[in-house]
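Right, one structure below, let's go through it.
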Amino acid sequence: MTNGTATTTDLDARLEEYRVELTGYCYRMLGSSFEAEDAVQDTMIRAWRSYDRFEGRSSLRSWLYRIATNVCLDMLTAGNKRARPMDLTESTPLARAALSPRPDSTWLEPMPDSRVLPTPADPAEAAVAKESVRLAFMAALQQLPAKQRAVLILREVLAWKASEVAELLGTSVASVNSALQRARATLAERQQSGAEASVSDPLDEEQQKLLERYVAAFEGYDMSALTALLHEDAIMTMPPFDLWLTGADDITGFMTTLGAACANSRLVPVEVNGLPGFAQYKPDPEAGGHTPWAVQVLEISDGRITGFHCFLDTKRWFPLFGLPLHLEAETDEVEQGA
């Protein structure tokens with residue numbers, strides 16, 4: 001092996017150490033799983049090509065974040081803000097429910113925890129990281145102007161100093177502090193308008209039992225049991241459709257009418273957006289067994305399910321989560337892919 005090859009291999013390994021945390025940063029910035037991974041790949045390529053000019057003027061990590069920030073800001077110049085259905089429309093009564101899809105670029109996308117959450121030694125850091133990719137927080141971030149978004153993530157989530165953020169963005173500490181203050185005010189307003197998921201890390205015994213009851217109720221399609229688990233103001237969303245429903249009656253009513261084909265589904269646990277979730281497979285009448293239908297993300301508060309979010313673009317989501325694209329009828333268990 002030549003010295004040049006060894007150097008290249010060493011650099012690739014050093015850059016790769018930062019992939020997960022950079023993906024988490026770009027995901028918070030962009031609200032899209034696939035755009036985040038594209039942004040990190042672009043960051044790695046730019047870093048690799050310009051490494052000879054880096055010369056160690058800052059830490060490698062700071063330099064990579066500067067590149068990633070510029071990549072994300074360039075991607076955000078179109079002004080698109082990823083959203084959830086309740087950010088765009090009013091809740092629809094079941095009697096007027098209609099499934100109207102919007103383009104993929106409209107929606108805040110789910111993300112496996114393993115792709116965006118490094119494993120810090122400090123449990124408190126791990127808890128903050130999980131909270132910072134939860135759907136409600138992610139949706140709030142998308143409402144911030146791009147540079148405020150970057151400042152808030154770097155300061156509040158990643159705990160950078162104001163001087164470090166100012167250097168990264170090429171601005172003043174006063175400007176960074178001002179942007180952070182405005183970003184905090186915007187997030188505070190949004191938090192007042194809706195309940196936050198209160199999920200412990202790891203899940204406590206009560207939450208574990210709630211999820212076990214949820215799986216039994218959903219797989220058994222027992223609407224009475226499901227109703228007992230839902231908060232009275234629970235919300236159900238189904239991107240790419242802009243329809244969203246409020247309350248146990250409308251949610252279970254939908255599941256037994258427009259959603260009746262989901263009866264006899266099977267659920268496989270997934271870790272998604274710092275929240276409990278499941279890959280839902282519904283019966284496949286043609287091939288037998290079960291076929292992918294949705295990645296479900298659950299929000300929990302005060303011992304009840306407050307959010308029930310189903311991401312239906314299974315051709316994109318199931319490979320992202322390393323999930324099989326078919327479950328055989330004769331097997332009762334499935335191992336999640338790597």
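Within each chain, counting starts at residue 1; across the structure tokens, chains are named A, B, ... in the order shown, with ligands numbered 1 upward in that order.
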Region 38-165 of chain A: which residues are strand (DSSP E or B) by DSSP, as a ChimeraX atom specification? /A:83,101,107,112
Residues at most 8 Å from Pro85 (chain A), counting only C-alpha atoms, excluding those fewer than 3 positions away in the same chain, as number ranges by chain? A: 88-89, 107, 237-239, 241-244
Residues at most 9 Å from Leu94 (chain A), counting only C-alpha atoms, excluding those fewer than 6 positions away in the same chain, as a VMD selection string? chain A and resid 245 249 to 251 253 to 254
Atoms kept (N, CA, C and O atoms) for selection, written as a short mmCIF file (atom, residue, chain, number, x, y, z; two decimals), in the first residue's frame:
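Full text of result.cif as output:
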data_model
loop_
_atom_site.label_atom_id
_atom_site.label_comp_id
_atom_site.auth_asym_id
_atom_site.auth_seq_id
_atom_site.Cartn_x
_atom_site.Cartn_y
_atom_site.Cartn_z
N LEU A 245 -57.02 13.68 11.27
CA LEU A 245 -58.21 13.46 12.07
C LEU A 245 -57.92 13.72 13.54
O LEU A 245 -56.79 13.50 14.01
N ASP A 249 -63.03 8.89 18.22
CA ASP A 249 -64.18 8.47 17.41
C ASP A 249 -63.87 8.55 15.92
O ASP A 249 -64.15 7.62 15.15
N ASP A 250 -63.28 9.68 15.49
CA ASP A 250 -62.98 9.83 14.07
C ASP A 250 -61.83 8.92 13.64
O ASP A 250 -61.83 8.39 12.52
N ILE A 251 -60.84 8.74 14.53
CA ILE A 251 -59.70 7.88 14.18
C ILE A 251 -60.15 6.43 14.02
O ILE A 251 -59.86 5.79 13.01
N GLY A 253 -63.20 5.44 13.60
CA GLY A 253 -64.18 5.40 12.52
C GLY A 253 -63.50 5.30 11.16
O GLY A 253 -63.95 4.56 10.27
N PHE A 254 -62.42 6.02 10.99
CA PHE A 254 -61.66 5.94 9.74
C PHE A 254 -61.09 4.54 9.56
O PHE A 254 -61.12 3.96 8.46
#
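Candidate residues A:Gln143, A:Thr23, A:Ser33, A:Ser198 were compared for distance to Gly303 (chain A), and the nearest is A:Ser198, using only C-alpha atoms.
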Write out as a list in words which residues come within 9 Å of region 231-235 of chain A when counting only C-alpha atoms, dropping same-chain ones fewer than 6 positions away.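 Listing them by chain and then by number gives Met86, Ser91, Trp244, Leu245, Thr246, Gly247, Ala248, Asp249, Ile251, Ile300, Ser301, Asp302, Gly303, Arg304, Ile305, Thr306, Gly307, Phe308 and His309 of chain A.
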Keeping only N, CA and C atoms, take the residues you just selected and write them out as a compact mmCIF listing (two decimals), in the first residue's frame.
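Here's the written file again-v3.txt:
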# COMPACT_ATOMS: atom_id res chain seq x y z
N MET A 86 -51.12 18.84 9.90
CA MET A 86 -51.80 19.85 10.73
C MET A 86 -51.15 21.22 10.65
N SER A 91 -58.25 20.30 10.67
CA SER A 91 -58.68 18.93 10.88
C SER A 91 -59.98 18.67 10.13
N TRP A 244 -56.02 14.98 8.11
CA TRP A 244 -55.69 14.57 9.48
C TRP A 244 -56.95 14.60 10.32
N LEU A 245 -57.02 13.68 11.27
CA LEU A 245 -58.21 13.46 12.07
C LEU A 245 -57.92 13.72 13.54
N THR A 246 -58.93 14.16 14.27
CA THR A 246 -58.79 14.45 15.69
C THR A 246 -59.81 13.66 16.49
N GLY A 247 -59.36 13.03 17.57
CA GLY A 247 -60.28 12.36 18.49
C GLY A 247 -60.45 10.88 18.17
N ALA A 248 -60.65 10.09 19.23
CA ALA A 248 -60.74 8.64 19.08
C ALA A 248 -61.87 8.21 18.16
N ASP A 249 -63.03 8.89 18.22
CA ASP A 249 -64.18 8.47 17.41
C ASP A 249 -63.87 8.55 15.92
N ILE A 251 -60.84 8.74 14.53
CA ILE A 251 -59.70 7.88 14.18
C ILE A 251 -60.15 6.43 14.02
N ILE A 300 -46.72 10.02 22.88
CA ILE A 300 -47.36 9.61 24.13
C ILE A 300 -47.27 10.74 25.14
N SER A 301 -48.34 10.96 25.88
CA SER A 301 -48.33 11.93 26.96
C SER A 301 -49.35 11.50 28.01
N ASP A 302 -48.95 11.56 29.27
CA ASP A 302 -49.84 11.24 30.39
C ASP A 302 -50.53 9.88 30.22
N GLY A 303 -49.78 8.89 29.78
CA GLY A 303 -50.30 7.53 29.72
C GLY A 303 -51.26 7.26 28.59
N ARG A 304 -51.34 8.16 27.62
CA ARG A 304 -52.22 7.97 26.46
C ARG A 304 -51.46 8.30 25.18
N ILE A 305 -51.95 7.78 24.08
CA ILE A 305 -51.38 8.09 22.77
C ILE A 305 -52.00 9.39 22.28
N THR A 306 -51.15 10.39 22.05
CA THR A 306 -51.65 11.70 21.60
C THR A 306 -51.43 11.92 20.11
N GLY A 307 -50.48 11.19 19.53
CA GLY A 307 -50.21 11.32 18.11
C GLY A 307 -50.00 9.96 17.48
N PHE A 308 -50.62 9.76 16.32
CA PHE A 308 -50.59 8.48 15.62
C PHE A 308 -50.32 8.82 14.16
N HIS A 309 -49.01 8.79 13.79
CA HIS A 309 -48.60 9.32 12.49
C HIS A 309 -48.13 8.18 11.59
Students should find that CA of Val165 (chain A) and CA of Thr106 (chain A) are spaced 29.3 Å
